[in-house]
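Colleague: Structure incoming, see below.
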Amino acid sequence: MHTPSPSHADAVRGLLAALAVVVFWSGFNIVSRFGATASFTPFDIAALRFGVSGAIALPLYLRFVPRRDWPRHMVLAAVGGLGYGLLVYSGFAFAPSAHAGVFVNGGIPFWTIVIMAVMSGFRIARPTVIALALSTCGLLLIGFESLLAPTHGREWVGDLLFLSAALCWAVFGLLMRRWQIKPQLGILGIASFSALAYLPVYLLWLRANIAAASWGEIALQGVYQGIVASMLAAGFYSYAVQKVGASEASMMLALVPAFTAIGAFFILGEALGLSTIIGIAVVSVGALLGALPPAALARLRALRSR
């Protein structure tokens with residue numbers, strides 16, 4: 001799966017887009033966990049995600065996307081919309097957001113590199129392997145206390161759901177790059193087909209508790225899940241994948257737990273333990289190494305050899 005190296009301008013734009021996704025998903029972990037532990041069922045949160053994004057996207061999709069492209073968009077909706085959304089929201093019902101940071105945001109680069117390795121005959125560049133190892137160690141340090149805390153029965157179920165969600169998102173990113181679908185059209189398709197497939201099932205058969213939530217809670221979940229997470233984050237991630245590559249963009253997501261921990265320190269006053277601080281430093285080095293394009297890594301090696 002050889003792809004041409006991105007130009008300097010494309011690399012900068014791609015990495016900035018990936019950094020925006022880091023910010024969006026840092027809030028996503030907190031907002032989703034809040035919703036899953038409040039009045040909502042996982043099905044309610046998914047309905048708000050797909051309902052809001054679908055209402056915005058469907059008219060635009062029908063106008064701008066030709067029918068010949070619909071089958072590919074349906075596949076993207078199945079993995080990057082329904083698959084990812086339902087699995088991750090179900091996981092939040094069992095495990096805390098710290099676990100999502102480790103298993104979702106650490107799982108996406110892991111699965112991306114594994115899939116690329118299988119498709120390329122296990123020819124993966126050494127810097128990529130080192131970056132993945134560093135990021136994994138850093139993520140485990142960040143989630144050290146949470147992962148070793150006494151469990152309440154079924155947190156492992158949530159962890160498996162998070163890993164499955166990460167696999168879905170990795171497949172989504174690779175398909176977006178392979179099919180060269182424009183990010184804005186791909187996101188319209190995911191939102192439209194996810195809403196059309198999910199909402200009838202939700203209204204007719206799934207357990208709903210949305211009536212017990214306040215209007216403020218509904219508005220928070222609707223705006224963040226339906227616009228920020230479903231459309232903005234997915235669109236920026238698709239753009240980053242096409243500009244710098246799937247493995248490079250996915251490695252940046254390893255920064256999400258670090259951003260979440262730092263944000264919680266300044267906004268919520270949550271303490272940063274020594275293992276978390278070390279983990280932030282390690283995962284940042286790993287994410288930077290994995291996100292740099294090959295040309296930049298070659299320049300760094302040249303400077304080091306002087």
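To be explicit about the labels: the chains of the structure tokens are called A, B, and onward in the order shown, and within each one the residues are counted from 1, while ligands get numbers from 1 in the order they are shown.
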Any idea what's packed within 12 Å of Gln242 of chain A, counting only C-alpha atoms, ignoring anything in its chain fewer than 5 positions away? Could you give it as a tab-separated table (two decimals) with N, CA, C and O atoms, in the first residue's frame?

Modeller:
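around_29.tsv written:
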```tsv
chain	number	residue	atom	x	y	z
A	3	THR	N	1.96	4.87	-0.92
A	3	THR	CA	1.34	6.12	-1.33
A	3	THR	C	2.41	7.18	-1.38
A	3	THR	O	3.39	7.15	-0.62
A	4	PRO	N	2.27	8.17	-2.30
A	4	PRO	CA	3.28	9.20	-2.42
A	4	PRO	C	3.37	10.04	-1.16
A	4	PRO	O	2.39	10.26	-0.47
A	5	SER	N	4.59	10.53	-0.88
A	5	SER	CA	4.78	11.36	0.30
A	5	SER	C	4.08	12.69	0.10
A	5	SER	O	4.11	13.27	-0.98
A	6	PRO	N	3.44	13.22	1.14
A	6	PRO	CA	2.74	14.49	0.99
A	6	PRO	C	3.72	15.64	0.89
A	6	PRO	O	4.84	15.58	1.38
A	7	SER	N	3.30	16.70	0.20
A	7	SER	CA	4.09	17.90	0.16
A	7	SER	C	4.11	18.54	1.54
A	7	SER	O	3.33	18.19	2.42
A	10	ASP	N	0.75	20.17	2.32
A	10	ASP	CA	-0.27	19.17	2.63
A	10	ASP	C	-0.03	18.55	4.00
A	10	ASP	O	-0.98	18.30	4.76
A	11	ALA	N	1.24	18.32	4.34
A	11	ALA	CA	1.55	17.72	5.64
A	11	ALA	C	1.15	18.65	6.77
A	11	ALA	O	0.57	18.20	7.77
A	13	ARG	N	-1.18	21.05	6.69
A	13	ARG	CA	-2.65	21.11	6.75
A	13	ARG	C	-3.22	19.82	7.35
A	13	ARG	O	-4.17	19.86	8.15
A	14	GLY	N	-2.65	18.69	6.96
A	14	GLY	CA	-3.14	17.42	7.49
A	14	GLY	C	-2.92	17.29	8.99
A	14	GLY	O	-3.81	16.83	9.71
A	15	LEU	N	-1.76	17.69	9.46
A	15	LEU	CA	-1.47	17.58	10.89
A	15	LEU	C	-2.31	18.56	11.70
A	15	LEU	O	-2.73	18.25	12.82
A	17	ALA	N	-5.33	19.49	10.87
A	17	ALA	CA	-6.65	18.87	10.89
A	17	ALA	C	-6.71	17.76	11.94
A	17	ALA	O	-7.69	17.63	12.69
A	18	ALA	N	-5.65	16.95	12.00
A	18	ALA	CA	-5.61	15.88	13.00
A	18	ALA	C	-5.58	16.45	14.42
A	18	ALA	O	-6.20	15.89	15.34
A	173	GLY	N	-11.21	5.02	8.13
A	173	GLY	CA	-10.15	5.90	7.66
A	173	GLY	C	-9.42	5.33	6.46
A	173	GLY	O	-9.11	6.05	5.50
A	174	LEU	N	-9.13	4.04	6.49
A	174	LEU	CA	-8.43	3.40	5.37
A	174	LEU	C	-9.28	3.38	4.11
A	174	LEU	O	-8.77	3.59	3.00
A	175	LEU	N	-10.59	3.14	4.25
A	175	LEU	CA	-11.47	3.13	3.08
A	175	LEU	C	-11.60	4.53	2.49
A	175	LEU	O	-11.64	4.69	1.26
A	176	MET	N	-11.67	5.56	3.33
A	176	MET	CA	-11.76	6.93	2.83
A	176	MET	C	-10.54	7.26	1.98
A	176	MET	O	-10.66	7.89	0.91
A	177	ARG	N	-9.37	6.84	2.41
A	177	ARG	CA	-8.16	7.13	1.64
A	177	ARG	C	-8.09	6.27	0.38
A	177	ARG	O	-7.72	6.76	-0.69
A	178	ARG	N	-8.45	5.01	0.51
A	178	ARG	CA	-8.36	4.10	-0.65
A	178	ARG	C	-9.31	4.53	-1.76
A	178	ARG	O	-8.95	4.50	-2.94
A	179	TRP	N	-10.52	4.93	-1.39
A	179	TRP	CA	-11.52	5.31	-2.39
A	179	TRP	C	-11.42	6.79	-2.79
A	179	TRP	O	-12.11	7.22	-3.70
A	180	GLN	N	-10.57	7.56	-2.09
A	180	GLN	CA	-10.37	8.98	-2.39
A	180	GLN	C	-11.70	9.74	-2.43
A	180	GLN	O	-11.97	10.53	-3.35
A	181	ILE	N	-12.52	9.49	-1.43
A	181	ILE	CA	-13.80	10.20	-1.33
A	181	ILE	C	-13.57	11.54	-0.66
A	181	ILE	O	-12.86	11.63	0.36
A	182	LYS	N	-14.13	12.59	-1.22
A	182	LYS	CA	-13.99	13.92	-0.63
A	182	LYS	C	-14.56	13.91	0.79
A	182	LYS	O	-15.67	13.42	1.00
A	183	PRO	N	-13.81	14.43	1.75
A	183	PRO	CA	-14.26	14.36	3.16
A	183	PRO	C	-15.65	14.91	3.38
A	183	PRO	O	-16.46	14.31	4.09
A	235	GLY	N	-15.05	14.68	9.59
A	235	GLY	CA	-14.61	15.38	8.39
A	235	GLY	C	-13.15	15.78	8.46
A	235	GLY	O	-12.38	15.58	7.51
A	236	PHE	N	-12.73	16.33	9.60
A	236	PHE	CA	-11.33	16.72	9.77
A	236	PHE	C	-10.41	15.49	9.73
A	236	PHE	O	-9.31	15.55	9.18
A	237	TYR	N	-10.88	14.38	10.33
A	237	TYR	CA	-10.05	13.17	10.31
A	237	TYR	C	-9.89	12.64	8.89
A	237	TYR	O	-8.79	12.26	8.48
A	247	SER	N	-1.88	6.01	8.75
A	247	SER	CA	-1.11	5.71	9.97
A	247	SER	C	-0.68	6.99	10.67
A	247	SER	O	-0.75	7.09	11.91
A	248	GLU	N	-0.27	8.01	9.90
A	248	GLU	CA	0.17	9.26	10.49
A	248	GLU	C	-0.98	9.98	11.19
A	248	GLU	O	-0.85	10.46	12.33
A	249	ALA	N	-2.14	10.04	10.54
A	249	ALA	CA	-3.29	10.71	11.15
A	249	ALA	C	-3.78	9.95	12.38
A	249	ALA	O	-4.12	10.56	13.40
A	250	SER	N	-3.80	8.63	12.31
A	250	SER	CA	-4.29	7.86	13.45
A	250	SER	C	-3.37	7.97	14.65
A	250	SER	O	-3.82	7.95	15.79
```

Colleague: Considering only C-alpha atoms, give me a table of residues in segment 159-274 of chain A that are at most 8 Å from segment 53-73 of chain A, with the closest atom pair and distance in Å for each, as JSON lines.

Modeller:
```
{"residue": "A:Leu185", "atom": "CA", "partner": "A:Val65", "partner_atom": "CA", "distance": 7.0}
{"residue": "A:Gly186", "atom": "CA", "partner": "A:His73", "partner_atom": "CA", "distance": 6.4}
{"residue": "A:Leu188", "atom": "CA", "partner": "A:Ala57", "partner_atom": "CA", "distance": 5.0}
{"residue": "A:Gly189", "atom": "CA", "partner": "A:His73", "partner_atom": "CA", "distance": 5.3}
{"residue": "A:Ile190", "atom": "CA", "partner": "A:His73", "partner_atom": "CA", "distance": 6.3}
{"residue": "A:Ala191", "atom": "CA", "partner": "A:Gly54", "partner_atom": "CA", "distance": 4.8}
{"residue": "A:Ser192", "atom": "CA", "partner": "A:Gly54", "partner_atom": "CA", "distance": 4.7}
{"residue": "A:Phe193", "atom": "CA", "partner": "A:His73", "partner_atom": "CA", "distance": 7.7}
{"residue": "A:Ser194", "atom": "CA", "partner": "A:Gly54", "partner_atom": "CA", "distance": 7.4}
{"residue": "A:Ala195", "atom": "CA", "partner": "A:Gly54", "partner_atom": "CA", "distance": 5.2}
{"residue": "A:Leu196", "atom": "CA", "partner": "A:Gly54", "partner_atom": "CA", "distance": 7.8}
{"residue": "A:Gly226", "atom": "CA", "partner": "A:Ser53", "partner_atom": "CA", "distance": 4.7}
{"residue": "A:Ile227", "atom": "CA", "partner": "A:Ser53", "partner_atom": "CA", "distance": 6.0}
{"residue": "A:Ser230", "atom": "CA", "partner": "A:Ser53", "partner_atom": "CA", "distance": 6.7}
{"residue": "A:Met231", "atom": "CA", "partner": "A:Ser53", "partner_atom": "CA", "distance": 6.9}
```

Colleague: Export C-alpha atoms of the chosen residues as an mmCIF file, in the first residue's frame?

Modeller:
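Result file follows (result25.cif):
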```
data_model
loop_
_atom_site.group_PDB
_atom_site.id
_atom_site.type_symbol
_atom_site.label_atom_id
_atom_site.label_comp_id
_atom_site.auth_asym_id
_atom_site.auth_seq_id
_atom_site.Cartn_x
_atom_site.Cartn_y
_atom_site.Cartn_z
ATOM 1 C CA LEU A 185 -19.225 14.263 0.785
ATOM 2 C CA GLY A 186 -18.175 11.230 2.789
ATOM 3 C CA LEU A 188 -22.736 13.726 4.405
ATOM 4 C CA GLY A 189 -23.140 10.128 3.289
ATOM 5 C CA ILE A 190 -22.272 8.640 6.696
ATOM 6 C CA ALA A 191 -24.721 10.946 8.462
ATOM 7 C CA SER A 192 -27.512 10.351 5.945
ATOM 8 C CA PHE A 193 -27.353 6.567 5.699
ATOM 9 C CA SER A 194 -26.750 6.123 9.439
ATOM 10 C CA ALA A 195 -29.883 8.126 10.204
ATOM 11 C CA LEU A 196 -31.991 6.290 7.625
ATOM 12 C CA GLY A 226 -24.623 15.317 16.051
ATOM 13 C CA ILE A 227 -22.421 18.178 14.854
ATOM 14 C CA SER A 230 -20.321 13.151 13.937
ATOM 15 C CA MET A 231 -19.560 15.782 11.292
#
```

Colleague: Leaving out segment 120-131 of chain A and any residue of its chain fewer than 5 positions from it, which residues lie within 7 Å of it when counting only C-alpha atoms, given as a count of residues only?

Modeller: 5

Colleague: At a cut-off of 6 Å, using only C-alpha atoms, what residues contact Glu155 of chain A? Leave out same-chain residues fewer than 2 positions from it and give the result as a PyMOL selection string.

Modeller: chain A and resi 94-95+157-158

Colleague: One decimal, in Å: what's the spacing between atom CA of Tyr89 of chain A and atom CA of Asp44 of chain A?

Modeller: 9.4 Å

Colleague: Name the residues of segment 55-248 of chain A that fall into alpha helix (DSSP H) according to DSSP on the backbone, using the chain letters and numbers of this document, as a PyMOL selection string.

Modeller: chain A and resi 55-64+70-76+84-92+97-103+107-119+126-142+144-148+155-179+183-205+215-223+234-244+246-248

Colleague: Leu232 of chain A: which residues within 10 Å, counting only C-alpha atoms, same-chain residues fewer than 5 positions away excluded, as an NGL selection string?

Modeller: :A and (20-21 or 24 or 184 or 187 or 224-227 or 237-238)

Colleague: For Phe34 of chain A, which of A:Val75, A:Leu220, A:Val12, A:Ala117 is the closest residue, counting only C-alpha atoms?

Modeller: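 Comparing A:Val75, A:Leu220, A:Val12, A:Ala117 against Phe34 of chain A, the winner is A:Leu220.
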
Colleague: Enter the distance from atom CA of Ala211 of chain A to atom CA of Leu161 of chain A, in Å, rounded to one decimal.

Modeller: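 We find that atom CA of Ala211 of chain A and atom CA of Leu161 of chain A lie 26.3 Å from each other.
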
Colleague: Out of A:Ala93, A:Leu141, A:Ala213, A:Ala229, which residue has the shortest atom-to-atom distance to Ala258 of chain A when counting only C-alpha atoms?

Modeller: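 Under the stated criterion, the closest residue is A:Leu141.
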
Colleague: Given the choices A:Val223, A:Gly81, A:Thr136, A:Leu76, which gets closest to Leu255 of chain A if the distance is worked out from only C-alpha atoms?

Modeller: A:Thr136

Colleague: For Ile278 of chain A, please output as a list in words all residues within 12 Å (counting only C-alpha atoms; exclusion window: fewer than 4 positions along the same chain).

Modeller: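 So, after excluding close chain neighbours, the residues are Leu134, Ser135, Cys137, Gly138, Leu139, Leu140, Leu141, Ile142, Gly143, Phe144, Ala258, Leu272, Gly273, Leu274, Val282, Val283, Ser284 and Val285 of chain A.
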
Colleague: Pick the closest to Trp215 of chain A from A:Leu19, A:Ala133, A:Ser39, A:Met74: which is it, counting only C-alpha atoms?

Modeller: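 The shortest atom-to-atom distance to Trp215 of chain A comes from A:Ser39.
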